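Have a look at work36.csv; it's CSV, C-alpha atoms:
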chain,number,residue,atom,x,y,z
Q,19,MET,CA,10.5,17.5,1.7
Q,20,THR,CA,6.9,16.9,2.6
Q,21,GLY,CA,5.6,19.6,0.2
Q,22,ILE,CA,2.7,19.3,-2.1
Q,23,GLY,CA,4.7,17.7,-5.0
Q,24,PHE,CA,5.9,14.8,-2.9
Q,25,VAL,CA,2.5,14.2,-1.4
Q,26,LEU,CA,0.8,14.3,-4.8
Q,27,VAL,CA,3.3,11.9,-6.4
Q,28,THR,CA,3.3,9.4,-3.5
Q,29,THR,CA,-0.5,9.3,-3.1
Q,30,PHE,CA,-0.9,9.2,-6.9
Q,31,LEU,CA,1.4,6.2,-7.2
Q,32,ALA,CA,0.0,4.4,-4.2
Q,33,SER,CA,-3.5,4.8,-5.5
Q,34,ALA,CA,-2.5,3.7,-9.0
Q,35,VAL,CA,-1.2,0.4,-7.7
Q,36,GLU,CA,-4.7,-0.6,-6.4
Q,37,ALA,CA,-6.6,1.3,-9.1
Q,38,ILE,CA,-5.1,-1.1,-11.7
Q,39,GLU,CA,-6.8,-4.1,-10.1
Q,40,MET,CA,-9.9,-2.1,-9.3
Q,41,VAL,CA,-10.3,-1.0,-13.0
Q,42,THR,CA,-9.5,-4.5,-14.2
Q,43,ILE,CA,-12.3,-6.0,-12.0
Q,44,VAL,CA,-14.9,-3.3,-12.9
Q,45,VAL,CA,-14.2,-3.4,-16.7
Q,46,GLY,CA,-14.2,-7.2,-16.5
Q,47,VAL,CA,-17.6,-7.3,-14.8
Q,48,GLY,CA,-19.0,-4.5,-17.0
Q,49,VAL,CA,-18.0,-6.3,-20.2
Q,50,THR,CA,-19.3,-9.7,-19.1
Q,51,ARG,CA,-22.5,-8.8,-17.1
Q,52,GLY,CA,-23.5,-5.4,-18.5
Q,53,TRP,CA,-22.7,-1.8,-17.4
Q,54,ARG,CA,-25.7,-0.5,-15.6
Q,55,ALA,CA,-25.4,-2.5,-12.4
Q,56,THR,CA,-21.6,-2.5,-12.6
Q,57,LEU,CA,-21.5,1.3,-12.6
Q,58,VAL,CA,-24.1,1.5,-9.8
Q,59,GLY,CA,-22.0,-0.9,-7.7
Q,60,THR,CA,-18.8,1.1,-8.5
Q,61,GLY,CA,-20.5,4.4,-7.5
Q,62,ALA,CA,-21.7,2.8,-4.2
Q,63,GLY,CA,-18.2,1.5,-3.5
Q,64,PHE,CA,-16.7,5.0,-4.1
Q,65,LEU,CA,-19.4,6.5,-1.8
Q,66,VAL,CA,-18.3,4.2,1.0
Q,67,LEU,CA,-14.6,5.0,0.4
Q,68,ALA,CA,-15.4,8.8,0.5
Q,69,ALA,CA,-17.2,8.3,3.8
Q,70,VAL,CA,-14.1,6.4,5.2
Q,71,VAL,CA,-11.8,9.2,4.0
Q,72,VAL,CA,-13.9,11.9,5.7
Q,73,VAL,CA,-14.4,10.0,9.0
Q,74,PHE,CA,-10.8,8.9,9.3
Q,75,GLY,CA,-9.5,12.3,8.1
Q,76,LEU,CA,-11.6,14.1,10.8
Q,77,ALA,CA,-10.5,11.6,13.5
Q,78,LEU,CA,-6.8,12.1,12.6
Q,79,SER,CA,-7.1,15.9,12.3
Q,80,ALA,CA,-8.1,16.0,16.0
Q,81,ILE,CA,-4.7,14.5,17.1
Q,82,PRO,CA,-1.8,16.9,17.9
Q,83,ILE,CA,1.1,16.8,15.3
Q,84,GLY,CA,3.7,15.0,17.5
Q,85,PRO,CA,1.6,11.9,18.4
Q,86,LEU,CA,0.0,12.0,15.0
Q,87,ARG,CA,3.3,11.7,13.2
Q,88,LEU,CA,4.2,8.7,15.5
Q,89,LEU,CA,0.9,7.0,14.7
Q,90,VAL,CA,0.8,7.6,11.0
Q,91,GLY,CA,4.5,7.1,10.7
Q,92,ALA,CA,4.3,3.7,12.4
Q,93,LEU,CA,1.2,2.7,10.3
Q,94,LEU,CA,2.8,3.8,7.0
Q,95,LEU,CA,6.1,2.0,8.0
Q,96,VAL,CA,4.6,-1.4,8.7
Q,97,PHE,CA,2.3,-1.2,5.7
Q,98,GLY,CA,5.0,0.2,3.4
Q,99,LEU,CA,7.3,-2.6,4.4
Q,100,GLN,CA,4.7,-5.1,3.1
Q,101,TRP,CA,4.7,-3.5,-0.4
Q,102,TYR,CA,8.5,-3.1,-0.2
Q,103,ARG,CA,9.0,-6.8,0.4
Q,104,LYS,CA,6.4,-7.9,-2.1
Q,105,GLY,CA,7.8,-5.4,-4.7
Q,106,ILE,CA,11.4,-6.8,-4.2
Q,107,VAL,CA,10.2,-10.4,-4.7
Q,108,ARG,CA,7.9,-9.7,-7.7
Q,109,VAL,CA,10.3,-7.4,-9.6
Q,110,ALA,CA,13.2,-9.8,-9.0
Q,111,THR,CA,11.2,-12.8,-10.3
Q,112,ARG,CA,8.8,-11.3,-12.8
Q,113,GLY,CA,10.5,-8.1,-13.9
Q,114,LEU,CA,8.3,-5.4,-15.3
Q,115,ALA,CA,5.3,-7.6,-16.1
Q,116,GLY,CA,1.9,-6.2,-15.5
Q,117,ILE,CA,-0.8,-8.1,-13.6
Q,118,GLN,CA,-1.6,-11.5,-15.0
Q,119,GLY,CA,-5.0,-11.5,-16.7
Q,120,GLU,CA,-7.1,-11.5,-13.5
Q,121,GLU,CA,-10.3,-11.2,-15.3
Q,122,ALA,CA,-13.7,-11.2,-13.5
Q,123,GLU,CA,-15.6,-14.5,-13.4
Q,124,GLU,CA,-17.1,-15.3,-16.8
Q,125,GLY,CA,-20.9,-15.0,-16.9
Q,126,ALA,CA,-23.6,-14.2,-19.4
Q,127,GLU,CA,-24.7,-10.6,-19.8
Q,128,TRP,CA,-27.7,-9.8,-17.6
Q,129,THR,CA,-30.9,-9.5,-19.5
Q,130,GLY,CA,-33.5,-10.0,-16.7
Q,131,PRO,CA,-35.7,-7.3,-15.1
Q,132,GLY,CA,-34.3,-5.0,-12.4
Q,133,LEU,CA,-30.7,-4.6,-11.3
Q,134,ASP,CA,-28.1,-7.4,-11.8
Q,135,TRP,CA,-27.1,-7.8,-8.2
Q,136,THR,CA,-24.2,-10.1,-9.0
Q,137,ALA,CA,-22.6,-7.4,-11.1
Q,138,PHE,CA,-23.4,-4.8,-8.4
Q,139,VAL,CA,-21.8,-6.9,-5.7
Q,140,LEU,CA,-18.7,-7.8,-7.8
Q,141,ALA,CA,-18.1,-4.1,-8.7
Q,142,PHE,CA,-18.9,-2.9,-5.2
Q,143,LYS,CA,-16.5,-5.4,-3.6
Q,144,GLY,CA,-13.8,-4.8,-6.2
Q,145,VAL,CA,-13.9,-1.0,-5.6
Q,146,LEU,CA,-14.2,-1.3,-1.8
Q,147,LEU,CA,-11.6,-4.0,-1.2
Q,148,GLU,CA,-9.0,-2.6,-3.5
Q,149,GLY,CA,-9.7,1.0,-2.4
Q,150,LEU,CA,-9.8,0.6,1.4
Q,151,GLU,CA,-6.1,0.3,1.9
Q,152,VAL,CA,-5.4,3.2,-0.4
Q,153,ALA,CA,-8.0,5.3,1.4
Q,154,PHE,CA,-6.1,4.8,4.6
Q,155,ILE,CA,-2.7,5.4,3.0
Q,156,VAL,CA,-4.0,8.6,1.4
Q,157,VAL,CA,-5.4,9.9,4.7
Q,158,THR,CA,-2.5,8.9,6.9
Q,159,PHE,CA,0.1,10.2,4.4
Q,160,GLY,CA,-1.8,13.5,3.9
Q,161,ALA,CA,-2.3,13.9,7.7
Q,162,GLY,CA,1.4,13.2,8.4
Q,163,ALA,CA,2.5,15.8,5.8
Q,164,ASN,CA,-0.3,18.2,6.9
Q,165,GLN,CA,-1.4,18.1,3.3
Q,166,LEU,CA,-4.7,16.2,3.3
Q,167,GLY,CA,-6.2,18.0,0.3
Q,168,PRO,CA,-3.3,17.4,-2.1
Q,169,ALA,CA,-3.2,13.7,-0.8
Q,170,VAL,CA,-6.9,13.2,-1.7
Q,171,ILE,CA,-6.3,14.9,-5.1
Q,172,GLY,CA,-3.4,12.6,-5.8
Q,173,GLY,CA,-5.4,9.5,-4.8
Q,174,VAL,CA,-8.5,10.4,-6.8
Q,175,GLY,CA,-6.3,11.5,-9.8
Q,176,ALA,CA,-4.8,8.1,-10.1
Q,177,VAL,CA,-8.2,6.4,-10.1
Q,178,VAL,CA,-9.4,8.8,-12.8
Q,179,VAL,CA,-6.2,8.3,-15.0
Q,180,VAL,CA,-6.2,4.5,-14.6
Q,181,GLY,CA,-10.0,4.4,-15.1
Q,182,ALA,CA,-9.7,6.5,-18.3
Q,183,ILE,CA,-7.0,4.1,-19.6
Q,184,GLY,CA,-9.2,1.2,-18.7
Q,185,ALA,CA,-12.2,2.7,-20.4
Q,186,ALA,CA,-10.2,3.6,-23.6
Q,187,ALA,CA,-8.2,0.4,-23.9
Q,188,HIS,CA,-8.7,-2.3,-21.3
Q,189,PRO,CA,-5.7,-4.5,-22.1
Q,190,LEU,CA,-3.4,-1.5,-21.5
Q,191,VAL,CA,-4.2,-1.5,-17.8
Q,192,SER,CA,-2.9,-5.0,-17.3
Q,193,ARG,CA,0.4,-4.0,-18.9
Q,194,ILE,CA,1.2,-1.3,-16.4
Q,195,PRO,CA,4.2,-2.6,-14.4
Q,196,ARG,CA,2.3,-2.9,-11.1
Q,197,SER,CA,5.1,-4.7,-9.3
Q,198,LEU,CA,7.5,-1.9,-10.0
Q,199,LEU,CA,4.9,0.7,-8.9
Q,200,GLN,CA,4.4,-1.3,-5.7
Q,201,LEU,CA,8.2,-1.4,-5.0
Q,202,VAL,CA,8.5,2.4,-5.6
Q,203,VAL,CA,5.5,3.2,-3.4
Q,204,GLY,CA,6.7,0.7,-0.8
Q,205,THR,CA,10.1,2.4,-0.7
Q,206,LEU,CA,8.5,5.9,-0.4
Q,207,LEU,CA,6.1,4.8,2.3
Q,208,THR,CA,8.8,3.0,4.3
Q,209,SER,CA,11.1,6.1,4.1
Q,210,PHE,CA,8.4,8.6,5.1
Q,211,GLY,CA,7.0,6.2,7.7
Q,212,THR,CA,10.5,5.8,9.3
Q,213,PHE,CA,11.1,9.5,9.3
Q,214,TRP,CA,7.7,10.5,10.8
Q,215,ALA,CA,7.6,7.7,13.4
Q,216,ILE,CA,11.1,8.6,14.7
Q,217,GLU,CA,10.3,12.3,14.6
Q,218,GLY,CA,7.1,11.6,16.4
Q,219,LEU,CA,9.1,10.1,19.2
Q,220,GLY,CA,10.9,13.4,19.7
Q,221,VAL,CA,14.1,12.3,18.1
Q,222,THR,CA,16.0,14.9,15.9
Q,223,TRP,CA,17.1,13.7,12.5
Q,224,PRO,CA,20.6,14.7,11.4
Q,225,ALA,CA,20.1,17.2,8.5
Q,226,GLY,CA,16.4,17.6,9.3
Q,227,ASP,CA,14.0,16.9,6.5
Q,228,LEU,CA,16.9,16.0,4.2
Q,229,ALA,CA,17.2,12.8,6.1
Q,230,ILE,CA,14.2,11.6,4.0
Q,231,LEU,CA,16.5,11.6,0.9
Q,232,GLY,CA,19.1,9.6,2.9
Q,233,LEU,CA,16.4,7.0,3.9
Q,234,LEU,CA,15.2,6.8,0.3
Q,235,ALA,CA,18.7,6.2,-0.9
Q,236,VAL,CA,19.4,3.5,1.8
Q,237,TYR,CA,16.1,1.7,1.2
Q,238,SER,CA,16.6,1.9,-2.6
Q,239,VAL,CA,20.1,0.4,-2.4
Q,240,THR,CA,18.8,-2.3,0.0
Q,241,ALA,CA,16.0,-3.2,-2.5
Q,242,LEU,CA,18.4,-3.4,-5.4
Q,243,THR,CA,20.8,-5.6,-3.3
Q,244,TYR,CA,18.0,-8.0,-2.2
Q,245,MET,CA,16.6,-8.2,-5.7
Q,246,GLY,CA,20.0,-9.3,-6.9
Q,247,ILE,CA,20.2,-11.9,-4.1
Q,248,GLU,CA,16.6,-13.1,-5.0
Q,249,ARG,CA,17.5,-13.5,-8.6
Q,250,THR,CA,20.7,-15.4,-7.9
Q,251,HIS,CA,18.8,-17.6,-5.5
Q,252,ALA,CA,16.1,-18.3,-8.1
Q,253,LEU,CA,18.7,-19.1,-10.7
Q,254,GLY,CA,20.6,-21.3,-8.3
Q,255,PHE,CA,17.4,-23.3,-7.5
Q,256,GLY,CA,16.6,-23.4,-11.2
Q,257,SER,CA,19.9,-24.8,-12.2
Q,258,ARG,CA,19.8,-27.3,-9.3
Q,259,ARG,CA,16.3,-28.4,-10.4
Q,260,VAL,CA,17.5,-28.8,-14.0
Q,261,ALA,CA,20.6,-30.7,-12.9
S,17,MET,CA,-26.3,-9.8,15.7
S,18,ARG,CA,-24.5,-12.4,13.5
S,19,LEU,CA,-24.2,-9.8,10.8
S,20,LEU,CA,-22.7,-7.3,13.2
S,21,TRP,CA,-20.3,-9.9,14.5
S,22,SER,CA,-19.2,-10.9,10.9
S,23,TRP,CA,-18.6,-7.2,10.1
S,24,MET,CA,-16.5,-6.8,13.2
S,25,LEU,CA,-14.5,-9.9,12.3
S,26,ALA,CA,-14.0,-8.5,8.8
S,27,PHE,CA,-12.9,-5.1,10.2
S,28,GLY,CA,-10.4,-6.8,12.5
S,29,ARG,CA,-9.1,-9.0,9.7
S,30,PHE,CA,-8.6,-5.9,7.5
S,31,TRP,CA,-6.6,-4.1,10.2
S,32,TYR,CA,-4.5,-7.3,10.9
S,33,ARG,CA,-3.7,-7.6,7.2
S,34,PHE,CA,-3.0,-3.8,6.9
S,35,ILE,CA,-0.7,-3.7,9.9
S,36,VAL,CA,0.8,-7.1,10.3
S,37,GLY,CA,0.5,-8.7,6.8
S,38,ASP,CA,2.0,-12.1,6.0
S,39,ASP,CA,5.1,-11.8,8.2
S,40,TRP,CA,4.3,-10.8,11.8
S,41,THR,CA,8.0,-10.7,12.7
S,42,VAL,CA,8.7,-7.6,10.6
S,43,ALA,CA,5.9,-5.6,12.2
S,44,ALA,CA,6.9,-6.9,15.7
S,45,ALA,CA,10.5,-5.9,15.1
S,46,VAL,CA,9.5,-2.4,14.0
S,47,GLY,CA,7.4,-2.1,17.1
S,48,VAL,CA,10.3,-3.2,19.3
S,49,GLY,CA,12.6,-0.8,17.4
S,50,LEU,CA,10.3,2.2,18.0
S,51,VAL,CA,10.1,1.3,21.8
S,52,LEU,CA,14.0,1.0,22.0
S,53,THR,CA,14.4,4.3,20.1
S,54,ALA,CA,12.1,6.0,22.5
S,55,LEU,CA,14.0,4.6,25.5
S,56,LEU,CA,17.4,5.5,24.1
S,57,ASN,CA,16.1,9.0,23.3
S,58,LEU,CA,15.0,9.4,26.9
S,59,GLN,CA,18.6,8.6,28.0
S,60,GLY,CA,19.9,11.3,25.6
S,61,ILE,CA,21.5,8.7,23.3
S,62,PRO,CA,21.0,9.5,19.5
S,63,ALA,CA,18.9,6.6,18.2
S,64,TRP,CA,17.6,7.7,14.8
S,65,TRP,CA,19.6,5.0,13.1
S,66,LEU,CA,18.1,2.1,14.9
S,67,VAL,CA,14.8,1.6,13.0
S,68,PRO,CA,16.4,1.9,9.5
S,69,VAL,CA,18.9,-0.8,10.6
S,70,ILE,CA,16.1,-3.0,11.9
S,71,VAL,CA,14.2,-2.5,8.6
S,72,VAL,CA,17.1,-3.5,6.4
S,73,VAL,CA,18.0,-6.6,8.6
S,74,MET,CA,14.4,-7.8,9.1
S,75,VAL,CA,13.4,-7.4,5.4
S,76,GLY,CA,16.5,-9.5,4.5
S,77,ALA,CA,15.6,-12.2,7.0
S,78,SER,CA,12.0,-12.2,5.9
S,79,LEU,CA,12.9,-12.6,2.2
S,80,ARG,CA,15.3,-15.4,3.1
S,81,ARG,CA,12.7,-17.3,5.1
S,82,ALA,CA,10.1,-16.8,2.3
S,83,SER,CA,12.5,-18.2,-0.4
S,84,ALA,CA,13.5,-21.1,1.8
S,85,ARG,CA,9.8,-22.2,2.0
Structure re-expressed in structure tokens:
Amino acid sequence: MTGIGFVLVTTFLASAVEAIEMVTIVVGVGVTRGWRATLVGTGAGFLVLAAVVVVFGLALSAIPIGPLRLLVGALLLVFGLQWYRKGIVRVATRGLAGIQGEEAEEGAEWTGPGLDWTAFVLAFKGVLLEGLEVAFIVVTFGAGANQLGPAVIGGVGAVVVVGAIGAAAHPLVSRIPRSLLQLVVGTLLTSFGTFWAIEGLGVTWPAGDLAILGLLAVYSVTALTYMGIERTHALGFGSRRVA
Amino acid sequence: MRLLWSWMLAFGRFWYRFIVGDDWTVAAAVGVGLVLTALLNLQGIPAWWLVPVIVVVMVGASLRRASAR
């Protein structure tokens, strides 16, 4: 259940969620302020992220598998639950809409001498802030599954794919249903997080690794149920407001 | 020194946001659930079901609180 395919898909989707905002920010800054400083800032942001992945990955690889699964399981569980909750609310209220035109601040293209530090900082912060959570998810998920290499490939692959879409046709990126992606990844992280955290405590799951499928089913049905309640609630408030 | 302090604050804020997020009760309930699971396991009582139940209940409670606001 925690084979290469599962690790690749989960880290790819998790990384794609944040890559959408990252690419939107970088392309927005590049178009409005110019590309040279934007690309330098983007590269610097990715360098810092790579350093975080290496340092955090090395630190986690020194922990024995039992305590490691408890640690990464608990981390993925509490973080996954945040995306799970947000995904339920957003998909229930906004459906499959992409992100709302969160364009970078408007500004004239830089024509002065030297590097445009505003563009550099905007791109650097965009990459670092959006990428930091994903870097930790990729490393913890990879370490929990004992598949750090495929996890990094999945994470980097998503940034490359979303970046290529952004470079080819910027408006397409904002149409990717980010809320649905967030809900799917939240469900995956919550399921794996629950499984690993409990396993890390020394508890045996009935049916072994197949329990992950059971957790995915339970959390998916729960999400669908709560989305129905959220929609009914929203409609109820709407009709009361109209009345 | 002030720069170092602001970096440490930002680092702490990142981890708080990463682990706790915007509803601390969910993270706290998960923590309590893991402790109870460990205690029940030490007594030889099967407790794999406890955290999933807590997750389902707490997410529902959290969503209800959020929509009531």
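Within 7 Å of chain S, and using only C-alpha atoms, the residues found on chain Q are Leu93, Val96, Phe97, Gln100, Arg103, Ile216, Leu219, Val221, Trp223 and Thr240 of chain Q.
Going from atom CA of Arg196 of chain Q over to atom CA of Val25 of chain Q, you cover 19.7 Å.
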(message) So that I can see what lies close to Val178 of chain Q, please list as a list in words the residues with an atom at most 10 Å from it, counting all atoms listed in the file and leaving out residues fewer than 5 positions away in the same chain.
(response)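 Those residues are Ala34, Ala37, Val41, Gly172, Gly173, Ile183 and Gly184 of chain Q.
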Selected residues written out with C-alpha atoms, as a compact mmCIF listing (two decimals), keeping the file's coordinate frame:
# COMPACT_ATOMS: atom_id res chain seq x y z
CA ALA Q 34 -2.50 3.70 -9.00
CA ALA Q 37 -6.60 1.30 -9.10
CA VAL Q 41 -10.30 -1.00 -13.00
CA GLY Q 172 -3.40 12.60 -5.80
CA GLY Q 173 -5.40 9.50 -4.80
CA ILE Q 183 -7.00 4.10 -19.60
CA GLY Q 184 -9.20 1.20 -18.70
(request) Would you work out the distance separating atom CA of Leu88 of chain Q from atom CA of Leu207 of chain Q, expressed in Å to one decimal? (result) 13.9 Å
(request) Tell me, in Å to one decimal, how far atom CA of Leu231 of chain Q is from atom CA of Thr111 of chain Q. (result) 27.4 Å
(message) Given only C-alpha atoms as the basis, pick out the residue of Q:Leu201, Q:Leu146, Q:Leu99, Q:Ala235 nearest to Ala32 of chain Q.
(response)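 Ranking Q:Leu201, Q:Leu146, Q:Leu99, Q:Ala235 by distance to Ala32 of chain Q, first place goes to Q:Leu201.
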(message) Show me the residues around (14.7, 12.5, 4.0) - criterion: an atom at most 12 Å away, all atoms listed in the file counted - as a list in words.
(response)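 The residues near that point, listed by chain and number, are Met19, Thr20, Phe24, Leu206, Leu207, Thr208, Ser209, Phe210, Gly211, Thr212, Phe213, Trp214, Ile216, Glu217, Trp223, Pro224, Ala225, Gly226, Asp227, Leu228, Ala229, Ile230, Leu231, Gly232, Leu233, Leu234, Ala235, Val236 and Tyr237 of chain Q.
When all atoms listed in the file are used to measure the gap to Thr60 of chain Q, the shortest distance among Q:Gly160, Q:Pro195, Q:Gly48, Q:Gly105 belongs to Q:Gly48.
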